[in-house]
Structure formats: structure tokens, C-alpha cells
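For reference, target.cif (mmCIF, C-alpha atoms and all ligand atoms):
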data_final
#
loop_
_atom_site.group_PDB
_atom_site.id
_atom_site.type_symbol
_atom_site.label_atom_id
_atom_site.label_comp_id
_atom_site.auth_asym_id
_atom_site.auth_seq_id
_atom_site.Cartn_x
_atom_site.Cartn_y
_atom_site.Cartn_z
ATOM 1 C CA MET I 909 14.018 6.879 12.636
ATOM 2 C CA THR I 910 15.474 9.000 9.861
ATOM 3 C CA GLY I 911 14.917 8.616 6.152
ATOM 4 C CA GLN I 912 12.166 10.033 4.087
ATOM 5 C CA VAL I 913 9.812 8.044 1.939
ATOM 6 C CA MET I 914 8.781 4.494 2.754
ATOM 7 C CA ILE I 915 6.557 2.150 0.763
ATOM 8 C CA PHE I 916 4.352 -0.627 2.150
ATOM 9 C CA LEU I 917 4.004 -3.372 -0.436
ATOM 10 C CA GLY I 918 2.075 -6.626 -0.160
ATOM 11 C CA ALA I 919 -0.920 -8.552 -1.404
ATOM 12 C CA PRO I 920 -4.451 -7.397 -0.544
ATOM 13 C CA GLY I 921 -5.084 -8.137 3.113
ATOM 14 C CA ALA I 922 -1.387 -8.374 3.996
ATOM 15 C CA GLY I 923 -1.829 -5.663 6.623
ATOM 16 C CA LYS I 924 -0.254 -2.697 4.833
ATOM 17 C CA GLY I 925 -2.866 -0.186 5.985
ATOM 18 C CA THR I 926 -2.973 -1.569 9.518
ATOM 19 C CA GLN I 927 0.781 -1.416 10.069
ATOM 20 C CA ALA I 928 1.338 1.827 8.138
ATOM 21 C CA GLU I 929 -1.233 3.574 10.335
ATOM 22 C CA ARG I 930 0.535 2.588 13.540
ATOM 23 C CA LEU I 931 4.012 3.383 12.225
ATOM 24 C CA SER I 932 2.955 6.797 10.955
ATOM 25 C CA LYS I 933 1.549 7.705 14.389
ATOM 26 C CA GLN I 934 4.575 6.497 16.338
ATOM 27 C CA TYR I 935 7.144 8.215 14.102
ATOM 28 C CA GLY I 936 5.192 11.327 13.097
ATOM 29 C CA MET I 937 5.080 10.391 9.424
ATOM 30 C CA VAL I 938 2.390 11.341 6.923
ATOM 31 C CA LYS I 939 0.573 8.263 5.606
ATOM 32 C CA LEU I 940 -0.905 8.312 2.117
ATOM 33 C CA SER I 941 -3.168 5.311 1.600
ATOM 34 C CA THR I 942 -4.460 5.125 -1.960
ATOM 35 C CA GLY I 943 -7.172 2.615 -1.015
ATOM 36 C CA ASP I 944 -8.527 5.016 1.640
ATOM 37 C CA ILE I 945 -8.337 7.995 -0.711
ATOM 38 C CA LEU I 946 -10.243 6.109 -3.433
ATOM 39 C CA ARG I 947 -12.883 4.783 -1.002
ATOM 40 C CA ASP I 948 -13.349 8.315 0.327
ATOM 41 C CA HIS I 949 -14.171 9.499 -3.220
ATOM 42 C CA VAL I 950 -16.691 6.659 -3.550
ATOM 43 C CA SER I 951 -18.377 7.417 -0.221
ATOM 44 C CA ARG I 952 -18.612 11.150 -1.035
ATOM 45 C CA GLY I 953 -20.039 10.356 -4.484
ATOM 46 C CA THR I 954 -17.547 12.609 -6.314
ATOM 47 C CA ALA I 955 -17.276 12.362 -10.112
ATOM 48 C CA LEU I 956 -14.125 10.289 -9.638
ATOM 49 C CA GLY I 957 -15.855 8.152 -7.004
ATOM 50 C CA GLN I 958 -18.719 7.332 -9.362
ATOM 51 C CA ARG I 959 -16.264 6.351 -12.086
ATOM 52 C CA ILE I 960 -14.132 4.086 -9.917
ATOM 53 C CA GLU I 961 -16.806 2.441 -7.738
ATOM 54 C CA PRO I 962 -17.357 -0.507 -10.141
ATOM 55 C CA ILE I 963 -13.600 -0.951 -10.533
ATOM 56 C CA LEU I 964 -13.035 -1.230 -6.775
ATOM 57 C CA SER I 965 -16.021 -3.565 -6.347
ATOM 58 C CA SER I 966 -14.719 -5.919 -9.027
ATOM 59 C CA GLY I 967 -11.242 -6.131 -7.485
ATOM 60 C CA GLN I 968 -9.440 -4.519 -10.433
ATOM 61 C CA LEU I 969 -6.888 -1.737 -10.200
ATOM 62 C CA VAL I 970 -7.882 1.829 -10.915
ATOM 63 C CA SER I 971 -5.920 3.203 -13.915
ATOM 64 C CA ASP I 972 -2.320 4.314 -13.574
ATOM 65 C CA GLU I 973 -3.263 7.693 -14.990
ATOM 66 C CA ILE I 974 -5.741 8.399 -12.178
ATOM 67 C CA LEU I 975 -3.478 7.075 -9.423
ATOM 68 C CA ILE I 976 -0.381 8.911 -10.582
ATOM 69 C CA GLU I 977 -2.246 12.218 -10.771
ATOM 70 C CA LEU I 978 -3.785 11.618 -7.365
ATOM 71 C CA ILE I 979 -0.421 10.919 -5.704
ATOM 72 C CA GLU I 980 1.294 13.813 -7.496
ATOM 73 C CA ASP I 981 -1.414 16.165 -6.235
ATOM 74 C CA ARG I 982 -1.085 14.928 -2.652
ATOM 75 C CA VAL I 983 2.704 14.807 -2.501
ATOM 76 C CA SER I 984 3.138 18.220 -4.130
ATOM 77 C CA VAL I 985 1.323 19.961 -1.258
ATOM 78 C CA LEU I 986 2.957 18.023 1.596
ATOM 79 C CA GLU I 987 5.157 19.977 3.942
ATOM 80 C CA SER I 988 6.568 16.860 5.598
ATOM 81 C CA SER I 989 9.364 14.866 4.009
ATOM 82 C CA LYS I 990 8.560 11.802 6.137
ATOM 83 C CA ILE I 991 5.992 9.923 4.100
ATOM 84 C CA ILE I 992 4.580 6.399 4.160
ATOM 85 C CA LEU I 993 2.980 5.250 0.923
ATOM 86 C CA ASP I 994 0.422 2.515 1.665
ATOM 87 C CA GLY I 995 -0.762 0.741 -1.488
ATOM 88 C CA PHE I 996 1.149 2.884 -3.985
ATOM 89 C CA PRO I 997 2.823 2.012 -6.289
ATOM 90 C CA ARG I 998 0.944 -1.089 -7.443
ATOM 91 C CA THR I 999 2.296 -1.310 -11.015
ATOM 92 C CA VAL I 1000 5.684 -0.816 -12.635
ATOM 93 C CA GLU I 1001 4.276 2.250 -14.407
ATOM 94 C CA GLN I 1002 3.309 3.781 -11.047
ATOM 95 C CA ALA I 1003 6.763 2.981 -9.631
ATOM 96 C CA LYS I 1004 8.453 4.799 -12.510
ATOM 97 C CA ALA I 1005 6.208 7.840 -12.085
ATOM 98 C CA LEU I 1006 6.963 7.856 -8.352
ATOM 99 C CA GLU I 1007 10.698 7.861 -9.036
ATOM 100 C CA GLN I 1008 10.317 10.979 -11.192
ATOM 101 C CA LEU I 1009 8.096 12.647 -8.607
ATOM 102 C CA LEU I 1010 10.561 12.021 -5.789
ATOM 103 C CA ILE I 1011 13.447 13.400 -7.846
ATOM 104 C CA ALA I 1012 11.388 16.511 -8.625
ATOM 105 C CA LYS I 1013 10.566 16.968 -4.924
ATOM 106 C CA GLY I 1014 14.130 16.196 -3.758
ATOM 107 C CA LEU I 1015 12.901 13.249 -1.702
ATOM 108 C CA GLU I 1016 14.575 9.911 -1.223
ATOM 109 C CA LEU I 1017 12.977 6.471 -1.105
ATOM 110 C CA CYS I 1018 14.565 4.804 1.913
ATOM 111 C CA SER I 1019 12.726 1.478 2.366
ATOM 112 C CA VAL I 1020 10.176 -0.786 0.760
ATOM 113 C CA ILE I 1021 8.548 -3.076 3.315
ATOM 114 C CA LEU I 1022 7.031 -6.212 1.781
ATOM 115 C CA LEU I 1023 4.530 -7.911 4.093
ATOM 116 C CA ASP I 1024 4.611 -11.590 3.267
ATOM 117 C CA VAL I 1025 1.470 -13.635 4.087
ATOM 118 C CA PRO I 1026 0.265 -16.988 2.652
ATOM 119 C CA VAL I 1027 -2.686 -16.631 0.308
ATOM 120 C CA ASP I 1028 -5.190 -18.678 2.366
ATOM 121 C CA LEU I 1029 -4.631 -16.435 5.366
ATOM 122 C CA LEU I 1030 -5.054 -13.349 3.168
ATOM 123 C CA ILE I 1031 -8.450 -14.570 1.973
ATOM 124 C CA ASP I 1032 -9.529 -15.389 5.561
ATOM 125 C CA ARG I 1033 -8.560 -11.903 6.755
ATOM 126 C CA ILE I 1034 -10.365 -10.147 3.910
ATOM 127 C CA VAL I 1035 -13.536 -12.203 4.285
ATOM 128 C CA SER I 1036 -13.513 -11.523 8.066
ATOM 129 C CA ARG I 1037 -13.063 -7.795 7.444
ATOM 130 C CA GLY I 1038 -15.941 -7.914 4.929
ATOM 131 C CA LYS I 1039 -18.246 -9.276 7.645
ATOM 132 C CA VAL I 1040 -17.332 -6.388 9.959
ATOM 133 C CA LEU I 1041 -16.957 -3.421 7.593
ATOM 134 C CA GLY I 1042 -19.072 -4.510 4.608
ATOM 135 C CA ARG I 1043 -16.508 -3.356 2.023
ATOM 136 C CA SER I 1044 -17.791 -4.124 -1.479
ATOM 137 C CA ASP I 1045 -14.505 -5.820 -2.498
ATOM 138 C CA ASP I 1046 -14.216 -8.095 0.527
ATOM 139 C CA ASP I 1047 -16.293 -11.131 -0.503
ATOM 140 C CA GLU I 1048 -14.371 -14.318 -1.223
ATOM 141 C CA SER I 1049 -14.550 -14.325 -5.029
ATOM 142 C CA THR I 1050 -13.470 -10.670 -5.295
ATOM 143 C CA ALA I 1051 -10.715 -11.324 -2.752
ATOM 144 C CA ARG I 1052 -9.413 -14.133 -4.996
ATOM 145 C CA GLU I 1053 -9.580 -11.882 -8.051
ATOM 146 C CA ARG I 1054 -7.611 -9.207 -6.150
ATOM 147 C CA GLN I 1055 -4.924 -11.797 -5.360
ATOM 148 C CA ARG I 1056 -4.743 -12.708 -9.069
ATOM 149 C CA VAL I 1057 -4.427 -9.033 -10.028
ATOM 150 C CA TYR I 1058 -1.709 -8.604 -7.382
ATOM 151 C CA LEU I 1059 0.343 -11.492 -8.790
ATOM 152 C CA GLU I 1060 -0.005 -10.210 -12.331
ATOM 153 C CA GLN I 1061 0.466 -6.451 -11.864
ATOM 154 C CA THR I 1062 2.036 -5.710 -8.485
ATOM 155 C CA GLU I 1063 4.343 -8.622 -7.705
ATOM 156 C CA PRO I 1064 6.849 -7.538 -10.402
ATOM 157 C CA LEU I 1065 7.614 -4.611 -8.078
ATOM 158 C CA VAL I 1066 9.208 -7.044 -5.625
ATOM 159 C CA ASP I 1067 12.109 -7.702 -8.013
ATOM 160 C CA HIS I 1068 12.134 -4.064 -9.085
ATOM 161 C CA TYR I 1069 12.832 -2.881 -5.531
ATOM 162 C CA ARG I 1070 15.007 -5.859 -4.604
ATOM 163 C CA SER I 1071 17.343 -4.980 -7.471
ATOM 164 C CA LYS I 1072 17.626 -1.453 -6.067
ATOM 165 C CA GLY I 1073 18.582 -2.834 -2.635
ATOM 166 C CA LEU I 1074 15.520 -1.248 -0.994
ATOM 167 C CA LEU I 1075 13.357 -4.310 -0.275
ATOM 168 C CA LYS I 1076 12.845 -5.582 3.261
ATOM 169 C CA VAL I 1077 10.701 -8.696 3.548
ATOM 170 C CA VAL I 1078 8.731 -8.986 6.795
ATOM 171 C CA ALA I 1079 6.633 -12.017 7.760
ATOM 172 C CA GLY I 1080 3.092 -10.658 8.023
ATOM 173 C CA THR I 1081 1.791 -13.657 9.980
ATOM 174 C CA GLY I 1082 1.108 -13.667 13.714
ATOM 175 C CA SER I 1083 -0.553 -10.957 15.788
ATOM 176 C CA LEU I 1084 -0.684 -7.267 14.826
ATOM 177 C CA ASP I 1085 1.833 -6.532 17.595
ATOM 178 C CA GLU I 1086 4.219 -9.249 16.443
ATOM 179 C CA VAL I 1087 4.205 -7.977 12.858
ATOM 180 C CA TYR I 1088 4.658 -4.394 14.040
ATOM 181 C CA ALA I 1089 7.622 -5.347 16.249
ATOM 182 C CA ARG I 1090 9.321 -7.034 13.259
ATOM 183 C CA ILE I 1091 8.887 -3.912 11.124
ATOM 184 C CA VAL I 1092 10.246 -1.565 13.789
ATOM 185 C CA LYS I 1093 13.227 -3.847 14.436
ATOM 186 C CA ILE I 1094 14.199 -3.833 10.757
ATOM 187 C CA LEU I 1095 13.751 -0.084 10.362
ATOM 188 C CA GLU I 1096 15.619 0.809 13.531
ATOM 189 C CA LYS I 1097 18.518 -1.442 12.538
ATOM 190 C CA GLU I 1098 18.651 0.365 9.192
ATOM 191 C CA HIS I 1099 18.415 3.940 10.343
ATOM 192 C CA VAL I 1100 19.683 4.343 13.890
HETATM 193 P P1 LIG I 1201 -6.319 -1.241 -0.263
HETATM 194 O O1 LIG I 1201 -7.157 -0.327 0.535
HETATM 195 O O2 LIG I 1201 -4.840 -0.941 -0.328
HETATM 196 O O3 LIG I 1201 -6.668 -2.662 0.337
HETATM 197 P P2 LIG I 1201 -5.933 -3.946 0.873
HETATM 198 O O4 LIG I 1201 -4.807 -4.279 -0.056
HETATM 199 O O5 LIG I 1201 -7.010 -4.933 1.071
HETATM 200 O O6 LIG I 1201 -5.439 -3.619 2.294
HETATM 201 P P3 LIG I 1201 -4.195 -3.922 3.235
HETATM 202 O O7 LIG I 1201 -3.112 -4.811 2.742
HETATM 203 O O8 LIG I 1201 -3.820 -2.531 3.604
HETATM 204 O O9 LIG I 1201 -4.805 -4.747 4.410
HETATM 205 P P4 LIG I 1201 -5.292 -4.255 5.841
HETATM 206 O O10 LIG I 1201 -4.207 -3.650 6.657
HETATM 207 O O11 LIG I 1201 -6.531 -3.451 5.651
HETATM 208 O O12 LIG I 1201 -6.830 -1.317 -1.801
HETATM 209 C C1 LIG I 1201 -8.206 -1.495 -2.133
HETATM 210 C C2 LIG I 1201 -8.422 -1.288 -3.640
HETATM 211 O O13 LIG I 1201 -8.117 0.091 -4.007
HETATM 212 C C3 LIG I 1201 -7.562 -2.111 -4.596
HETATM 213 O O14 LIG I 1201 -8.083 -3.404 -4.812
HETATM 214 C C4 LIG I 1201 -7.628 -1.232 -5.894
HETATM 215 O O15 LIG I 1201 -8.828 -1.411 -6.602
HETATM 216 C C5 LIG I 1201 -7.602 0.179 -5.347
HETATM 217 N N1 LIG I 1201 -6.224 0.735 -5.319
HETATM 218 C C6 LIG I 1201 -5.566 1.095 -4.186
HETATM 219 N N2 LIG I 1201 -4.324 1.540 -4.509
HETATM 220 C C7 LIG I 1201 -4.221 1.462 -5.857
HETATM 221 C C8 LIG I 1201 -3.175 1.751 -6.783
HETATM 222 N N3 LIG I 1201 -1.988 2.210 -6.369
HETATM 223 N N4 LIG I 1201 -3.396 1.525 -8.109
HETATM 224 C C9 LIG I 1201 -4.570 1.077 -8.540
HETATM 225 N N5 LIG I 1201 -5.606 0.771 -7.719
HETATM 226 C C10 LIG I 1201 -5.446 0.945 -6.379
HETATM 227 O O16 LIG I 1201 -5.606 -5.666 6.519
HETATM 228 C C11 LIG I 1201 -6.635 -6.486 6.024
HETATM 229 C C12 LIG I 1201 -7.423 -7.115 7.160
HETATM 230 O O17 LIG I 1201 -6.608 -8.038 7.860
HETATM 231 C C13 LIG I 1201 -7.912 -6.104 8.192
HETATM 232 O O18 LIG I 1201 -9.192 -6.456 8.597
HETATM 233 C C14 LIG I 1201 -6.929 -6.231 9.330
HETATM 234 O O19 LIG I 1201 -7.486 -5.946 10.586
HETATM 235 C C15 LIG I 1201 -6.565 -7.712 9.236
HETATM 236 N N6 LIG I 1201 -5.192 -7.953 9.670
HETATM 237 C C16 LIG I 1201 -4.096 -7.275 9.274
HETATM 238 N N7 LIG I 1201 -3.002 -7.782 9.891
HETATM 239 C C17 LIG I 1201 -3.439 -8.826 10.671
HETATM 240 C C18 LIG I 1201 -2.778 -9.761 11.554
HETATM 241 N N8 LIG I 1201 -1.456 -9.729 11.763
HETATM 242 N N9 LIG I 1201 -3.551 -10.689 12.167
HETATM 243 C C19 LIG I 1201 -4.878 -10.730 11.967
HETATM 244 N N10 LIG I 1201 -5.561 -9.872 11.171
HETATM 245 C C20 LIG I 1201 -4.841 -8.937 10.525
#

With the file now loaded, output its structure as C-alpha cells.
Amino acid sequence: MTGQVMIFLGAPGAGKGTQAERLSKQYGMVKLSTGDILRDHVSRGTALGQRIEPILSSGQLVSDEILIELIEDRVSVLESSKIILDGFPRTVEQAKALEQLLIAKGLELCSVILLDVPVDLLIDRIVSRGKVLGRSDDDESTARERQRVYLEQTEPLVDHYRSKGLLKVVAGTGSLDEVYARIVKILEKEHV
């Protein structure tokens, strides 16, 4: 698979992190997952972690300012030009900042994969994960708030990337293997 930067977009619980992890391993890409990076700050109790812990637990988005700086810092030190962004951008402001960053780094955005999953299934998945991992944002009411925030702040990115001809919609229902096979099929058709 050629190409450089790929984005995984989708509502909370759509499977972005799950599928991005597998794809990055198979194709030797670097995965940057903003959710993981933020949770790592919380678990290490850094100054940033202490500031954002209540935001994550309430299901809101961390500010654009923090996220943009965090991604700029990570991308600027990457040697690889094969990057998967999992969970970034999540607002139009973040998408605009990413465009500038990629131009500055001479990188090209090749695909935006939108994982499409009905909302009831999303809530079921998140609540099940909460029972296993105990994530503070995985109870049902926070999961519903995260879906509301997604519709309000992140869904506008669907049209943003569709209008640029970059959006690929993948059904995120079915088993992990089925979803993965759909993603690989689309990407291989695009880039082989
Ligand atoms: P994330 O960590 O990105 O959380 P997510 O949206 O819930 O995860 P994802 O869609 O990756 O689902 P997953 O694969 O885990 O964000 C958490 C928080 O961080 C946000 O709410 C926000 O506060 C903050 N944040 C992150 N990025 C930000 C940004 N750019 N700007 C501002 N704030 C930001 O899958 C979910 C579950 O479903 C798993 O248990 C998985 O095993 C299961 N699953 C997945 N696919 C399945 C399938 N096909 N069948 C059955 N189960 C499946």
C-alpha cells in the first residue's frame, strides 16, 4: 500500500483504534491515537493529564489548542511518512490545522476512512468495553453524551472530506475480521 497519511474517522466506539492498530502493524505505518495519548497523560498524572481528566470523564472534547499542539509535536519528530491518525482531527478547526501541518511537512493526506456503525451498537460496544477495561468515559450516559458531541463537532468533517474526494465509507458492523477485510479491500483497490 502506498500513500502517506490516513485518517480514521467515526463515532466513539466505531472501532477506529481497533482497526487502525491492526492496519498499522500489517503495513508498517506509525499510528497516532489521540485518545491513547491523552489517556496516557491521565494515567501518568502529568500536568496535562490532571487538567484533561475531568474533560475525558465527562465525554467532552479536549480543546483544539491542546490537541493541535500535541499532534504538531508528534508529527514533527516522525521519521516515517506513513502515518495513521486515529481520532484526529475531531473538529473542523483541527482539520484545518492538520492541512497546514501536512503542507509544512510535505506530506499528503491519501484517505479518510469513515467507520459507519448504528448508534445503538456503538453504545453496546462502549458499555461492554467499560465492563472490561473500566474506562471512566465508558458508562452509558457518558457514551450517549460522546455520541451527541460527535454529531455536533465531528460529523461536519464527513462532508469536509467528502468534498475533497478523500472519504471512504466502510460499514463498521460485523466481526473485527470482516470490518478489517473491507478496509483492506478499499485501500488496496485505491493504491495498488
Ligand atoms: P478515543 O480513544 O478515540 O475513543 P473512541 O472514539 O471510543 O474509540 P474507537 O472508535 O477507537 O473505538 P474502539 O476501536 O476502541 O477518544 C476518547 C476521548 O479522548 C474522546 O471522547 C475525547 O475526550 C478525547 N479525544 C481524543 N481525540 C481527540 C481530539 N482529536 N480532540 C479532542 N478530544 C479528543 O472500539 C470500541 C469498542 O468496540 C472496543 O471495545 C472494541 O473491542 C469494540 N469493537 C470494535 N469493533 C468491533 C466489532 N466489529 N465488533 C465488536 N466489537 C467491536

Result set of the PyMOL selection byres (((chain I and resi 957-967) around 10) and not hetatm) on the coordinates above, as number ranges by chain: I: 920, 943, 945-956, 968-971, 974, 1043-1047, 1049-1058

Give as a ChimeraX atom specification the residues that the PyMOL selection byres (((not hetatm)) within 6 of (chain I and resi 1201)) matches when applied to the coordinates above. /I:919-926,942-944,964,967-971,975,995-998,1033-1034,1037,1054,1080-1084

Find the distance between atom CA of Glu980 of chain I and atom CA of Ile992 of chain I and write it in Å to one decimal.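 Taking atom CA of Glu980 of chain I and atom CA of Ile992 of chain I, their separation equals 14.2 Å.
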
Using the file's own x, y and z axes, so that the box edges lie along x, y and z, what centre and edge lengths in Å (one decimal) does a box around every listed atom of segment 936-950 of chain I get when 8 Å is added on each side? Give it as JSON.
{"center_x": -5.7, "center_y": 7.0, "center_z": 4.8, "size_x": 37.9, "size_y": 24.7, "size_z": 32.6}

Residues returned when the PyMOL selection byres (((chain I and resi 984-989) around 8) and not hetatm) runs on this file, as a ChimeraX atom specification: /I:912-913,937-938,980-983,990-991,1013,1015

Just the number, please: distance in Å from atom CA of Val1027 of chain I to atom CA of Ser932 of chain I, one decimal.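 Value for the atom CA of Val1027 of chain I-atom CA of Ser932 of chain I distance: 26.3 Å.
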
Residues within 10 Å of His1068 of chain I, all atoms listed in the file, excluding chain neighbours under 6 positions, as a VMD selection string: chain I and resid 1000 1003 1074 to 1075

Residue nearest Val1092 of chain I among I:Gln934, I:Glu1007, I:Gly1038, I:Gly918 (counting only C-alpha atoms):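 Among I:Gln934, I:Glu1007, I:Gly1038, I:Gly918, it is I:Gln934 that comes nearest to Val1092 of chain I.
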
Would you please work out which residue, of I:Ile976, I:Lys1072, I:Leu1030, I:Gly1042, is nearest to Gln1008 of chain I when using only C-alpha atoms?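 The closest residue to Gln1008 of chain I is I:Ile976.
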
For a quick check of understanding, using all atoms listed in the file, which of I:Leu993, I:Ala1079, I:Ile1021, I:Ala1005 has the smallest distance to Glu977 of chain I?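 Nearest to Glu977 of chain I: I:Ala1005.
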
Any idea what the distance is between atom CA of Tyr935 of chain I and atom CA of Ile1011 of chain I?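 About the pair atom CA of Tyr935 of chain I and atom CA of Ile1011 of chain I: they are 23.4 Å apart.
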
Set the distance at 10 Å and use all atoms listed in the file: which residues neighbour Gly1073 of chain I once local chain neighbours fewer than 4 positions away are removed? I'd like the list as a PDB file with C-alpha atoms, in the coordinates of the input.
ATOM      1  CA  CYS I1018      14.565   4.804   1.913  1.00  0.00           C
ATOM      2  CA  SER I1019      12.726   1.478   2.366  1.00  0.00           C
ATOM      3  CA  VAL I1020      10.176  -0.786   0.760  1.00  0.00           C
ATOM      4  CA  ASP I1067      12.109  -7.702  -8.013  1.00  0.00           C
ATOM      5  CA  HIS I1068      12.134  -4.064  -9.085  1.00  0.00           C
ATOM      6  CA  TYR I1069      12.832  -2.881  -5.531  1.00  0.00           C
TER       7      TYR I1069
END
